[in-house]
>>> print(open('structure24.cif').read())   # mmCIF, C-alpha atoms
data_run
loop_
_atom_site.label_atom_id
_atom_site.label_comp_id
_atom_site.auth_asym_id
_atom_site.auth_seq_id
_atom_site.Cartn_x
_atom_site.Cartn_y
_atom_site.Cartn_z
CA MET A 1 -14.35 9.42 13.75
CA LYS A 2 -11.15 11.14 12.74
CA ARG A 3 -8.38 9.15 11.14
CA ILE A 4 -4.71 8.89 12.05
CA VAL A 5 -2.05 7.37 9.84
CA THR A 6 1.28 6.56 11.41
CA ASP A 7 4.44 5.82 9.49
CA MET A 8 6.28 2.59 10.31
CA ASP A 9 10.05 3.05 9.95
CA ASP A 10 11.56 5.20 12.72
CA VAL A 11 8.13 5.99 14.14
CA ILE A 12 6.70 2.70 15.42
CA ALA A 13 9.72 0.58 14.40
CA ASP A 14 13.30 1.38 15.34
CA THR A 15 14.64 0.86 11.84
CA LEU A 16 17.59 3.19 12.32
CA ALA A 17 18.86 1.03 15.19
CA LYS A 18 18.86 -2.00 12.87
CA TYR A 19 20.67 -0.06 10.12
CA ILE A 20 23.33 0.94 12.63
CA ARG A 21 23.59 -2.60 13.99
CA VAL A 22 24.16 -4.21 10.58
CA SER A 23 26.51 -1.41 9.47
CA ASN A 24 28.64 -1.86 12.58
CA ALA A 25 28.69 -5.63 12.21
CA GLU A 26 29.39 -5.62 8.47
CA LEU A 27 32.04 -2.90 8.48
CA GLY A 28 33.57 -3.21 11.94
CA LEU A 29 32.35 0.23 12.98
CA HIS A 30 31.20 1.53 16.36
CA ILE A 31 28.51 4.02 15.43
CA ARG A 32 25.95 4.94 18.11
CA LYS A 33 22.65 6.66 17.42
CA SER A 34 23.75 9.62 19.49
CA ASP A 35 26.74 10.13 17.17
CA LEU A 36 24.57 10.92 14.20
CA GLY A 37 23.26 14.38 14.95
CA GLU A 38 21.63 15.54 11.76
CA ARG A 39 24.08 13.69 9.61
CA ASP A 40 22.86 10.81 7.58
CA LEU A 41 24.04 7.35 8.56
CA TRP A 42 25.79 7.16 5.16
CA HIS A 43 28.12 9.93 6.28
CA PHE A 44 29.55 7.42 8.77
CA VAL A 45 29.19 4.29 6.68
CA GLY A 46 30.75 5.79 3.58
CA ARG A 47 29.08 6.00 0.17
CA GLU A 48 31.45 3.32 -1.13
CA ASN A 49 29.97 0.84 1.35
CA PHE A 50 26.38 1.61 0.38
CA PRO A 51 26.00 -1.43 -1.93
CA ARG A 52 27.11 -3.84 0.83
CA ILE A 53 24.60 -2.45 3.32
CA ARG A 54 21.87 -2.16 0.70
CA ALA A 55 22.32 -5.87 -0.13
CA ILE A 56 21.65 -6.71 3.52
CA VAL A 57 18.61 -4.43 3.68
CA GLU A 58 17.18 -6.17 0.61
CA GLN A 59 17.29 -9.57 2.26
CA VAL A 60 13.70 -10.66 2.72
CA ASP A 61 13.91 -10.87 6.50
CA PHE A 62 15.75 -7.59 7.23
CA PHE A 63 12.60 -5.86 8.51
CA GLY A 64 11.38 -8.91 10.41
CA ASP A 65 13.12 -8.31 13.72
CA LEU A 66 12.97 -4.55 14.20
CA ASP A 67 12.47 -3.31 17.74
CA VAL A 68 9.15 -1.65 18.50
CA MET A 69 9.48 2.01 19.50
CA PRO A 70 8.82 2.50 23.23
CA ASP A 71 5.11 2.89 24.09
CA ALA A 72 4.00 2.72 20.43
CA GLN A 73 1.80 -0.32 21.06
CA ASP A 74 0.15 1.03 24.18
CA VAL A 75 -0.55 4.47 22.73
CA LEU A 76 -1.78 3.22 19.35
CA LEU A 77 -4.13 0.82 21.14
CA LYS A 78 -5.52 3.73 23.16
CA LEU A 79 -5.81 5.88 20.05
CA SER A 80 -7.78 3.07 18.35
CA ALA A 81 -10.66 3.69 20.71
CA LYS A 82 -11.08 7.28 19.58
CA TYR A 83 -9.66 7.36 16.05
CA GLU A 84 -9.46 5.15 12.99
CA VAL A 85 -5.81 4.07 13.05
CA PHE A 86 -3.94 3.16 9.86
CA ILE A 87 -0.26 2.27 9.48
CA SER A 88 1.58 3.23 6.33
CA SER A 89 5.04 2.29 5.08
CA SER A 90 7.03 3.39 2.05
CA ALA A 91 7.77 -0.22 1.21
CA MET A 92 8.02 0.59 -2.50
CA GLU A 93 11.66 1.61 -2.05
CA VAL A 94 12.56 -1.93 -0.93
CA PRO A 95 9.92 -4.18 -2.50
CA SER A 96 11.53 -7.29 -1.03
CA SER A 97 10.48 -5.95 2.38
CA PHE A 98 6.71 -6.31 1.88
CA MET A 99 6.20 -9.66 3.54
CA ALA A 100 8.52 -9.09 6.49
CA LYS A 101 6.92 -5.70 7.17
CA PHE A 102 3.44 -7.15 6.91
CA ARG A 103 4.26 -9.99 9.32
CA TRP A 104 6.00 -7.59 11.71
CA LEU A 105 2.94 -5.34 11.77
CA GLU A 106 0.60 -8.29 12.29
CA ARG A 107 2.74 -9.56 15.17
CA HIS A 108 3.29 -6.32 17.04
CA PHE A 109 0.08 -4.42 16.22
CA PRO A 110 -2.56 -7.15 16.03
CA PHE A 111 -5.29 -4.66 16.92
CA VAL A 112 -4.76 -2.82 13.62
CA PRO A 113 -6.59 -4.92 11.00
CA PRO A 114 -4.74 -5.82 7.77
CA SER A 115 -7.23 -3.63 5.90
CA HIS A 116 -5.72 -0.64 7.73
CA LEU A 117 -2.17 -1.30 6.52
CA VAL A 118 -1.01 0.72 3.52
CA PHE A 119 2.17 0.25 1.50
CA CYS A 120 2.75 3.25 -0.69
CA GLY A 121 5.38 5.70 -1.86
CA ASP A 122 3.80 9.11 -2.27
CA LYS A 123 1.88 9.71 0.97
CA SER A 124 -0.21 12.50 -0.51
CA ILE A 125 -2.43 9.57 -1.55
CA LEU A 126 -3.50 9.12 2.08
CA ASN A 127 -6.91 10.42 3.05
CA ALA A 128 -6.54 11.12 6.76
CA ASP A 129 -6.69 13.88 9.35
CA TYR A 130 -3.27 13.30 10.90
CA LEU A 131 -0.05 11.78 9.58
CA ILE A 132 2.63 10.97 12.15
CA ASP A 133 5.91 10.73 10.25
CA ASP A 134 9.62 11.46 10.61
CA ARG A 135 9.95 12.76 7.03
CA GLU A 136 8.65 16.26 6.44
CA ARG A 137 8.56 15.72 2.66
CA HIS A 138 5.44 13.60 3.18
CA PHE A 139 3.61 16.57 4.69
CA LYS A 140 3.94 18.87 1.67
CA SER A 141 0.93 17.54 -0.23
CA PHE A 142 -0.80 15.74 2.61
CA ARG A 143 -4.38 16.92 3.01
CA GLY A 144 -4.47 16.66 6.81
CA GLU A 145 -2.02 17.79 9.46
CA GLY A 146 1.48 16.38 9.53
CA ILE A 147 2.88 15.67 13.00
CA LEU A 148 6.66 15.36 13.00
CA PHE A 149 8.05 12.42 14.95
CA SER A 150 11.54 13.31 16.10
CA ALA A 151 14.49 11.52 14.52
CA PRO A 152 18.14 12.57 14.32
CA HIS A 153 17.74 13.76 10.72
CA ASN A 154 14.79 16.10 11.40
CA MET A 155 15.82 17.90 14.59
CA ASN A 156 16.14 21.27 12.82
CA VAL A 157 12.88 21.02 10.90
CA THR A 158 10.25 23.56 11.92
CA GLY A 159 6.74 24.38 10.80
CA TYR A 160 4.97 21.32 12.21
CA ARG A 161 3.86 20.14 15.61
CA ARG A 162 6.62 17.88 16.90
CA VAL A 163 6.44 14.81 19.12
CA ASN A 164 9.55 13.28 20.64
CA ASN A 165 8.06 9.94 21.64
CA TRP A 166 4.76 8.07 21.84
CA ARG A 167 3.83 9.50 25.25
CA GLU A 168 3.87 12.91 23.60
CA VAL A 169 1.61 11.57 20.86
CA GLU A 170 -0.77 10.40 23.59
CA ALA A 171 -0.70 13.81 25.24
CA LEU A 172 -1.29 15.60 21.94
CA LEU A 173 -4.04 13.46 20.47
CA LEU A 174 -5.79 12.08 23.54
CA GLU A 175 -5.29 14.55 26.35
CA LYS A 176 -5.09 17.96 24.77
CA GLY A 177 -8.14 17.37 22.60
CA ALA A 178 -6.24 18.02 19.37
CA ASP A 179 -9.10 16.53 17.40
CA MET B 180 -4.12 18.15 -11.73
CA LYS B 181 -6.85 15.74 -10.76
CA ARG B 182 -5.99 12.28 -9.55
CA ILE B 183 -7.20 8.88 -10.73
CA VAL B 184 -6.67 5.63 -8.88
CA THR B 185 -7.32 2.43 -10.75
CA ASP B 186 -7.71 -0.94 -9.13
CA MET B 187 -5.49 -3.79 -10.39
CA ASP B 188 -7.35 -7.12 -10.25
CA ASP B 189 -10.09 -7.43 -12.89
CA VAL B 190 -9.59 -3.83 -13.99
CA ILE B 191 -6.09 -3.62 -15.49
CA ALA B 192 -5.22 -7.29 -14.89
CA ASP B 193 -7.39 -10.20 -15.99
CA THR B 194 -7.19 -11.98 -12.66
CA LEU B 195 -10.50 -13.79 -13.10
CA ALA B 196 -9.17 -15.47 -16.26
CA LYS B 197 -6.23 -16.82 -14.26
CA TYR B 198 -8.53 -18.05 -11.46
CA ILE B 199 -10.64 -19.87 -14.02
CA ARG B 200 -7.56 -21.32 -15.74
CA VAL B 201 -6.07 -22.78 -12.58
CA SER B 202 -9.46 -24.01 -11.34
CA ASN B 203 -10.08 -25.83 -14.62
CA ALA B 204 -6.58 -27.32 -14.64
CA GLU B 205 -6.63 -28.36 -10.98
CA LEU B 206 -10.14 -29.77 -10.88
CA GLY B 207 -10.67 -30.95 -14.46
CA LEU B 208 -13.44 -28.43 -15.07
CA HIS B 209 -14.42 -26.52 -18.22
CA ILE B 210 -15.63 -23.20 -16.84
CA ARG B 211 -15.68 -20.23 -19.23
CA LYS B 212 -15.95 -16.61 -18.15
CA SER B 213 -19.24 -16.32 -19.99
CA ASP B 214 -20.70 -19.11 -17.83
CA LEU B 215 -20.42 -17.10 -14.65
CA GLY B 216 -23.15 -14.53 -14.99
CA GLU B 217 -23.39 -12.91 -11.58
CA ARG B 218 -22.48 -16.07 -9.80
CA ASP B 219 -19.22 -16.22 -8.00
CA LEU B 220 -16.55 -18.52 -9.40
CA TRP B 221 -16.81 -20.54 -6.16
CA HIS B 222 -20.32 -21.55 -7.16
CA PHE B 223 -18.73 -23.57 -9.95
CA VAL B 224 -15.57 -24.62 -8.17
CA GLY B 225 -17.36 -25.79 -5.05
CA ARG B 226 -16.68 -24.55 -1.53
CA GLU B 227 -15.02 -27.86 -0.67
CA ASN B 228 -12.33 -27.18 -3.28
CA PHE B 229 -11.60 -23.68 -2.01
CA PRO B 230 -8.50 -24.70 0.02
CA ARG B 231 -6.90 -26.36 -3.04
CA ILE B 232 -7.38 -23.27 -5.20
CA ARG B 233 -6.44 -20.90 -2.38
CA ALA B 234 -3.13 -22.77 -1.96
CA ILE B 235 -2.35 -22.13 -5.63
CA VAL B 236 -3.30 -18.44 -5.34
CA GLU B 237 -0.95 -18.09 -2.37
CA GLN B 238 2.04 -19.30 -4.38
CA VAL B 239 4.39 -16.34 -4.68
CA ASP B 240 4.24 -16.24 -8.47
CA PHE B 241 0.48 -16.63 -9.00
CA PHE B 242 0.00 -12.96 -9.87
CA GLY B 243 3.15 -12.79 -12.00
CA ASP B 244 1.71 -13.83 -15.34
CA LEU B 245 -1.73 -12.24 -15.43
CA ASP B 246 -2.92 -10.95 -18.78
CA VAL B 247 -3.24 -7.20 -19.15
CA MET B 248 -6.79 -6.02 -19.81
CA PRO B 249 -7.24 -4.86 -23.40
CA ASP B 250 -6.23 -1.20 -23.96
CA ALA B 251 -5.41 -0.62 -20.27
CA GLN B 252 -1.80 0.34 -21.05
CA ASP B 253 -2.63 2.67 -23.90
CA VAL B 254 -5.44 4.47 -22.08
CA LEU B 255 -3.58 4.80 -18.75
CA LEU B 256 -0.60 6.23 -20.62
CA LYS B 257 -2.87 8.83 -22.23
CA LEU B 258 -4.55 9.58 -18.90
CA SER B 259 -1.08 10.17 -17.37
CA ALA B 260 -0.71 13.30 -19.47
CA LYS B 261 -3.78 14.90 -17.94
CA TYR B 262 -4.17 13.27 -14.53
CA GLU B 263 -2.01 11.95 -11.73
CA VAL B 264 -2.41 8.19 -12.14
CA PHE B 265 -2.08 5.80 -9.20
CA ILE B 266 -2.64 2.04 -9.16
CA SER B 267 -4.01 0.38 -6.06
CA SER B 268 -4.38 -3.26 -5.15
CA SER B 269 -5.95 -5.02 -2.18
CA ALA B 270 -2.85 -7.11 -1.74
CA MET B 271 -3.45 -7.43 2.01
CA GLU B 272 -5.83 -10.34 1.40
CA VAL B 273 -2.99 -12.39 -0.12
CA PRO B 274 0.22 -10.97 1.40
CA SER B 275 2.35 -13.48 -0.48
CA SER B 276 1.30 -11.65 -3.66
CA PHE B 277 3.12 -8.36 -2.94
CA MET B 278 6.29 -8.99 -4.89
CA ALA B 279 4.67 -10.62 -7.91
CA LYS B 280 2.12 -7.80 -8.14
CA PHE B 281 4.79 -5.16 -7.79
CA ARG B 282 6.92 -6.75 -10.53
CA TRP B 283 3.90 -7.20 -12.77
CA LEU B 284 2.98 -3.53 -12.41
CA GLU B 285 6.58 -2.44 -13.08
CA ARG B 286 6.74 -4.60 -16.19
CA HIS B 287 3.41 -3.70 -17.76
CA PHE B 288 2.94 -0.11 -16.53
CA PRO B 289 6.49 1.28 -16.45
CA PHE B 290 5.19 4.83 -16.91
CA VAL B 291 3.50 4.70 -13.48
CA PRO B 292 6.30 5.32 -10.96
CA PRO B 293 6.64 2.96 -7.97
CA SER B 294 5.71 5.89 -5.73
CA HIS B 295 2.25 5.79 -7.34
CA LEU B 296 1.57 2.16 -6.45
CA VAL B 297 -0.53 1.54 -3.34
CA PHE B 298 -1.18 -1.77 -1.60
CA CYS B 299 -4.01 -1.39 0.84
CA GLY B 300 -7.19 -3.01 2.08
CA ASP B 301 -9.70 -0.31 2.92
CA LYS B 302 -9.75 2.00 -0.10
CA SER B 303 -11.41 4.83 1.79
CA ILE B 304 -7.80 5.67 2.69
CA LEU B 305 -7.23 6.85 -0.90
CA ASN B 306 -7.18 10.58 -1.50
CA ALA B 307 -8.20 10.89 -5.15
CA ASP B 308 -10.86 12.31 -7.43
CA TYR B 309 -11.73 9.09 -9.26
CA LEU B 310 -11.48 5.43 -8.32
CA ILE B 311 -11.94 2.92 -11.12
CA ASP B 312 -12.84 -0.38 -9.48
CA ASP B 313 -14.96 -3.49 -10.03
CA ARG B 314 -16.06 -3.68 -6.37
CA GLU B 315 -18.75 -1.21 -5.35
CA ARG B 316 -17.94 -1.71 -1.65
CA HIS B 317 -14.84 0.41 -2.17
CA PHE B 318 -16.97 3.38 -3.24
CA LYS B 319 -19.00 3.64 -0.02
CA SER B 320 -16.51 5.69 1.95
CA PHE B 321 -14.38 6.91 -0.95
CA ARG B 322 -14.12 10.69 -0.98
CA GLY B 323 -14.09 11.06 -4.78
CA GLU B 324 -16.26 9.49 -7.47
CA GLY B 325 -16.29 5.74 -7.91
CA ILE B 326 -16.42 4.54 -11.52
CA LEU B 327 -17.58 0.96 -11.82
CA PHE B 328 -15.53 -1.25 -14.14
CA SER B 329 -17.77 -4.00 -15.42
CA ALA B 330 -17.13 -7.56 -14.24
CA PRO B 331 -19.48 -10.55 -14.18
CA HIS B 332 -20.19 -10.09 -10.48
CA ASN B 333 -21.28 -6.44 -10.72
CA MET B 334 -23.54 -6.39 -13.78
CA ASN B 335 -26.64 -5.60 -11.71
CA VAL B 336 -25.05 -2.89 -9.60
CA THR B 337 -26.45 0.59 -10.18
CA GLY B 338 -25.79 4.03 -8.75
CA TYR B 339 -22.37 4.65 -10.33
CA ARG B 340 -21.09 5.59 -13.74
CA ARG B 341 -20.14 2.33 -15.44
CA VAL B 342 -17.40 1.55 -17.95
CA ASN B 343 -17.29 -1.74 -19.81
CA ASN B 344 -13.70 -1.52 -21.03
CA TRP B 345 -10.73 0.84 -21.20
CA ARG B 346 -11.91 2.57 -24.38
CA GLU B 347 -14.96 3.66 -22.40
CA VAL B 348 -12.67 4.97 -19.65
CA GLU B 349 -10.87 6.98 -22.33
CA ALA B 350 -14.14 8.37 -23.62
CA LEU B 351 -15.35 9.25 -20.13
CA LEU B 352 -12.23 10.85 -18.70
CA LEU B 353 -10.48 12.24 -21.77
CA GLU B 354 -13.13 12.99 -24.34
CA LYS B 355 -16.23 13.92 -22.40
CA GLY B 356 -14.35 16.28 -20.11
CA ALA B 357 -15.47 14.49 -16.96
CA ASP B 358 -12.87 16.38 -14.95
#
>>> encode(input="structure24.cif", output="structure tokens")
Amino acid sequence: MKRIVTDMDDVIADTLAKYIRVSNAELGLHIRKSDLGERDLWHFVGRENFPRIRAIVEQVDFFGDLDVMPDAQDVLLKLSAKYEVFISSSAMEVPSSFMAKFRWLERHFPFVPPSHLVFCGDKSILNADYLIDDRERHFKSFRGEGILFSAPHNMNVTGYRRVNNWREVEALLLEKGAD
Amino acid sequence: MKRIVTDMDDVIADTLAKYIRVSNAELGLHIRKSDLGERDLWHFVGRENFPRIRAIVEQVDFFGDLDVMPDAQDVLLKLSAKYEVFISSSAMEVPSSFMAKFRWLERHFPFVPPSHLVFCGDKSILNADYLIDDRERHFKSFRGEGILFSAPHNMNVTGYRRVNNWREVEALLLEKGAD
């Protein structure tokens, strides 16, 4: 059975939406996701405001109420019948997020056992056939195939198969016989 | 550069000593590590007392003051010059332990970057050449070589290269040219 690892933030969880929401609320801004283009959210928030937003992100419950990306649950459940499915998150950058992320994953993806959750930093440590991620840097030393999940910041990245949403993941990994 | 992953509990951290300490204190027992033989600690503690001890283990700071295994720091630092060194822990079994484990690792192994820490359950997800662990079950689907770190519960296990302490790890991986 082949193995898929999917990233959490901005792949199965709409973390960017939460970042925008708290930035708008904290700083009285009106940023929309569609405004971003390839520019980093910090371009709009302002580097000088980084510590204020970072302090909010480090609150233990920040990651507890993220929205689930459309169709992520349905497609991952279907994939579970044909692949070993793992979920990985770079929680090491915000260690205070561990518990909230773990509980969020348990709540929204109960069919993925806790033993298939991985918190790590350098994803080259993952032994899998496919890694679905929005950050191309994780593909450089990954031993399987990286599949790029579209996000505003990666729209000009080339060199990988790209999926724009979870229905496209389904088409790629379940219908086209990519395995 | 080849890659080594070492387990945390009972390999670089003397977790069993802490379990024994709290069990003795909580239940008025006098268990010593040398009493265990291959028998599980629960044999001495009694299944009926499991919930009391488990409640202590789930306190957020339980893993914060574990003793470091003798020579683990010195040998892992030396190994870092020749190998990529990662540390992995099965923190998914006690999710409340994430932060304390992370802080403990940062404090005692500052030369291992946070990006090289991995919290996971099923260690077959690790892409590495060597896994130093006290639990043989992790070796079954591991793609590299499992090296068994001696612990009371594994003294009769065969089929793997065995190390009894960190000086033996040094001899095996730095002096004998095992790579």
>>> resolve_selection(input="structure24.cif", expression="the PyMOL selection byres ((chain B) within 7 of (chain A))", output="VMD selection string")
chain B and resid 271 274 to 275 277 to 278 293 to 301 304 to 307
>>> residues_around(input="structure24.cif", residues="range 68-85 of chain A", least_positions_apart="4", cutoff="8 Å", atoms="only C-alpha atoms", output="PDB file with C-alpha atoms, in the coordinates of the input")
ATOM      1  CA  MET A   1     -14.350   9.420  13.750  1.00  0.00           C
ATOM      2  CA  LYS A   2     -11.150  11.140  12.740  1.00  0.00           C
ATOM      3  CA  ARG A   3      -8.380   9.150  11.140  1.00  0.00           C
ATOM      4  CA  ILE A   4      -4.710   8.890  12.050  1.00  0.00           C
ATOM      5  CA  VAL A   5      -2.050   7.370   9.840  1.00  0.00           C
ATOM      6  CA  THR A   6       1.280   6.560  11.410  1.00  0.00           C
ATOM      7  CA  ASP A  10      11.560   5.200  12.720  1.00  0.00           C
ATOM      8  CA  VAL A  11       8.130   5.990  14.140  1.00  0.00           C
ATOM      9  CA  ILE A  12       6.700   2.700  15.420  1.00  0.00           C
ATOM     10  CA  ALA A  13       9.720   0.580  14.400  1.00  0.00           C
ATOM     11  CA  ASP A  14      13.300   1.380  15.340  1.00  0.00           C
ATOM     12  CA  HIS A 108       3.290  -6.320  17.040  1.00  0.00           C
ATOM     13  CA  PHE A 109       0.080  -4.420  16.220  1.00  0.00           C
ATOM     14  CA  PHE A 111      -5.290  -4.660  16.920  1.00  0.00           C
ATOM     15  CA  VAL A 112      -4.760  -2.820  13.620  1.00  0.00           C
ATOM     16  CA  HIS A 116      -5.720  -0.640   7.730  1.00  0.00           C
ATOM     17  CA  ASN A 165       8.060   9.940  21.640  1.00  0.00           C
ATOM     18  CA  TRP A 166       4.760   8.070  21.840  1.00  0.00           C
ATOM     19  CA  ARG A 167       3.830   9.500  25.250  1.00  0.00           C
ATOM     20  CA  VAL A 169       1.610  11.570  20.860  1.00  0.00           C
ATOM     21  CA  GLU A 170      -0.770  10.400  23.590  1.00  0.00           C
ATOM     22  CA  LEU A 173      -4.040  13.460  20.470  1.00  0.00           C
ATOM     23  CA  LEU A 174      -5.790  12.080  23.540  1.00  0.00           C
TER      24      LEU A 174
END
>>> residues_around(input="structure24.cif", residues="range 220-226 of chain B", least_positions_apart="5", cutoff="9 Å", atoms="all atoms listed in the file", output="list in words")
Leu195, Tyr198, Ile199, Ser202, Asn203, Leu206, Leu208, Ile210, Lys212, Leu215 and Ile232 of chain B
>>> atom_distance(input="structure24.cif", atom1="CA of His153 in chain A", atom2="CA of Glu38 in chain A")
4.4 Å
>>> atom_distance(input="structure24.cif", atom1="CA of Tyr339 in chain B", atom2="CA of Glu324 in chain B")
8.3 Å
>>> resolve_selection(input="structure24.cif", expression="the PyMOL selection byres ((chain B and resi 342) around 7)", output="short mmCIF file (atom, residue, chain, number, x, y, z; two decimals) with C-alpha atoms, in the coordinates of the input")
data_model
loop_
_atom_site.label_atom_id
_atom_site.label_comp_id
_atom_site.auth_asym_id
_atom_site.auth_seq_id
_atom_site.Cartn_x
_atom_site.Cartn_y
_atom_site.Cartn_z
CA LEU B 327 -17.58 0.96 -11.82
CA PHE B 328 -15.53 -1.25 -14.14
CA SER B 329 -17.77 -4.00 -15.42
CA ARG B 340 -21.09 5.59 -13.74
CA ARG B 341 -20.14 2.33 -15.44
CA ASN B 343 -17.29 -1.74 -19.81
CA ASN B 344 -13.70 -1.52 -21.03
CA GLU B 347 -14.96 3.66 -22.40
CA VAL B 348 -12.67 4.97 -19.65
#
>>> residues_near_point(input="structure24.cif", point="(16.3, -8.2, 9.3)", cutoff="10 Å", atoms="all atoms listed in the file", output="short mmCIF file (atom, residue, chain, number, x, y, z; two decimals) with C-alpha atoms, keeping the file's coordinate frame")
data_model
loop_
_atom_site.label_atom_id
_atom_site.label_comp_id
_atom_site.auth_asym_id
_atom_site.auth_seq_id
_atom_site.Cartn_x
_atom_site.Cartn_y
_atom_site.Cartn_z
CA THR A 15 14.64 0.86 11.84
CA LYS A 18 18.86 -2.00 12.87
CA TYR A 19 20.67 -0.06 10.12
CA VAL A 22 24.16 -4.21 10.58
CA ILE A 56 21.65 -6.71 3.52
CA VAL A 57 18.61 -4.43 3.68
CA GLU A 58 17.18 -6.17 0.61
CA GLN A 59 17.29 -9.57 2.26
CA VAL A 60 13.70 -10.66 2.72
CA ASP A 61 13.91 -10.87 6.50
CA PHE A 62 15.75 -7.59 7.23
CA PHE A 63 12.60 -5.86 8.51
CA GLY A 64 11.38 -8.91 10.41
CA ASP A 65 13.12 -8.31 13.72
CA LEU A 66 12.97 -4.55 14.20
CA SER A 97 10.48 -5.95 2.38
CA ALA A 100 8.52 -9.09 6.49
CA LYS A 101 6.92 -5.70 7.17
#
>>> atom_distance(input="structure24.cif", atom1="CA of Asn228 in chain B", atom2="CA of Arg316 in chain B")
26.1 Å
>>> build_atoms(input="structure24.cif", residues="range 135-149 of chain A", atoms="N, CA and C atoms", output="CSV table (one decimal), keeping the file's coordinate frame")
chain,number,residue,atom,x,y,z
A,135,ARG,N,9.5,12.1,8.3
A,135,ARG,CA,10.0,12.8,7.0
A,135,ARG,C,9.0,13.9,6.6
A,136,GLU,N,9.5,15.1,6.7
A,136,GLU,CA,8.6,16.3,6.4
A,136,GLU,C,8.2,16.3,5.0
A,137,ARG,N,9.0,15.7,4.1
A,137,ARG,CA,8.6,15.7,2.7
A,137,ARG,C,7.2,15.1,2.5
A,138,HIS,N,6.8,14.2,3.3
A,138,HIS,CA,5.4,13.6,3.2
A,138,HIS,C,4.3,14.6,3.6
A,139,PHE,N,4.7,15.6,4.2
A,139,PHE,CA,3.6,16.6,4.7
A,139,PHE,C,3.2,17.6,3.6
A,140,LYS,N,4.1,17.8,2.6
A,140,LYS,CA,3.9,18.9,1.7
A,140,LYS,C,2.6,18.8,1.0
A,141,SER,N,2.2,17.6,0.5
A,141,SER,CA,0.9,17.5,-0.2
A,141,SER,C,-0.1,16.7,0.5
A,142,PHE,N,0.2,16.5,1.8
A,142,PHE,CA,-0.8,15.7,2.6
A,142,PHE,C,-2.0,16.6,2.9
A,143,ARG,N,-3.2,16.1,2.8
A,143,ARG,CA,-4.4,16.9,3.0
A,143,ARG,C,-4.7,17.2,4.5
A,144,GLY,N,-4.2,16.4,5.4
A,144,GLY,CA,-4.5,16.7,6.8
A,144,GLY,C,-3.3,17.4,7.4
A,145,GLU,N,-3.1,17.2,8.8
A,145,GLU,CA,-2.0,17.8,9.5
A,145,GLU,C,-0.9,16.8,9.6
A,146,GLY,N,0.3,17.2,9.3
A,146,GLY,CA,1.5,16.4,9.5
A,146,GLY,C,2.0,16.6,10.9
A,147,ILE,N,2.3,15.6,11.7
A,147,ILE,CA,2.9,15.7,13.0
A,147,ILE,C,4.3,15.0,12.9
A,148,LEU,N,5.3,15.8,13.2
A,148,LEU,CA,6.7,15.4,13.0
A,148,LEU,C,7.2,14.5,14.2
A,149,PHE,N,7.5,13.3,13.9
A,149,PHE,CA,8.0,12.4,15.0
A,149,PHE,C,9.6,12.6,14.9
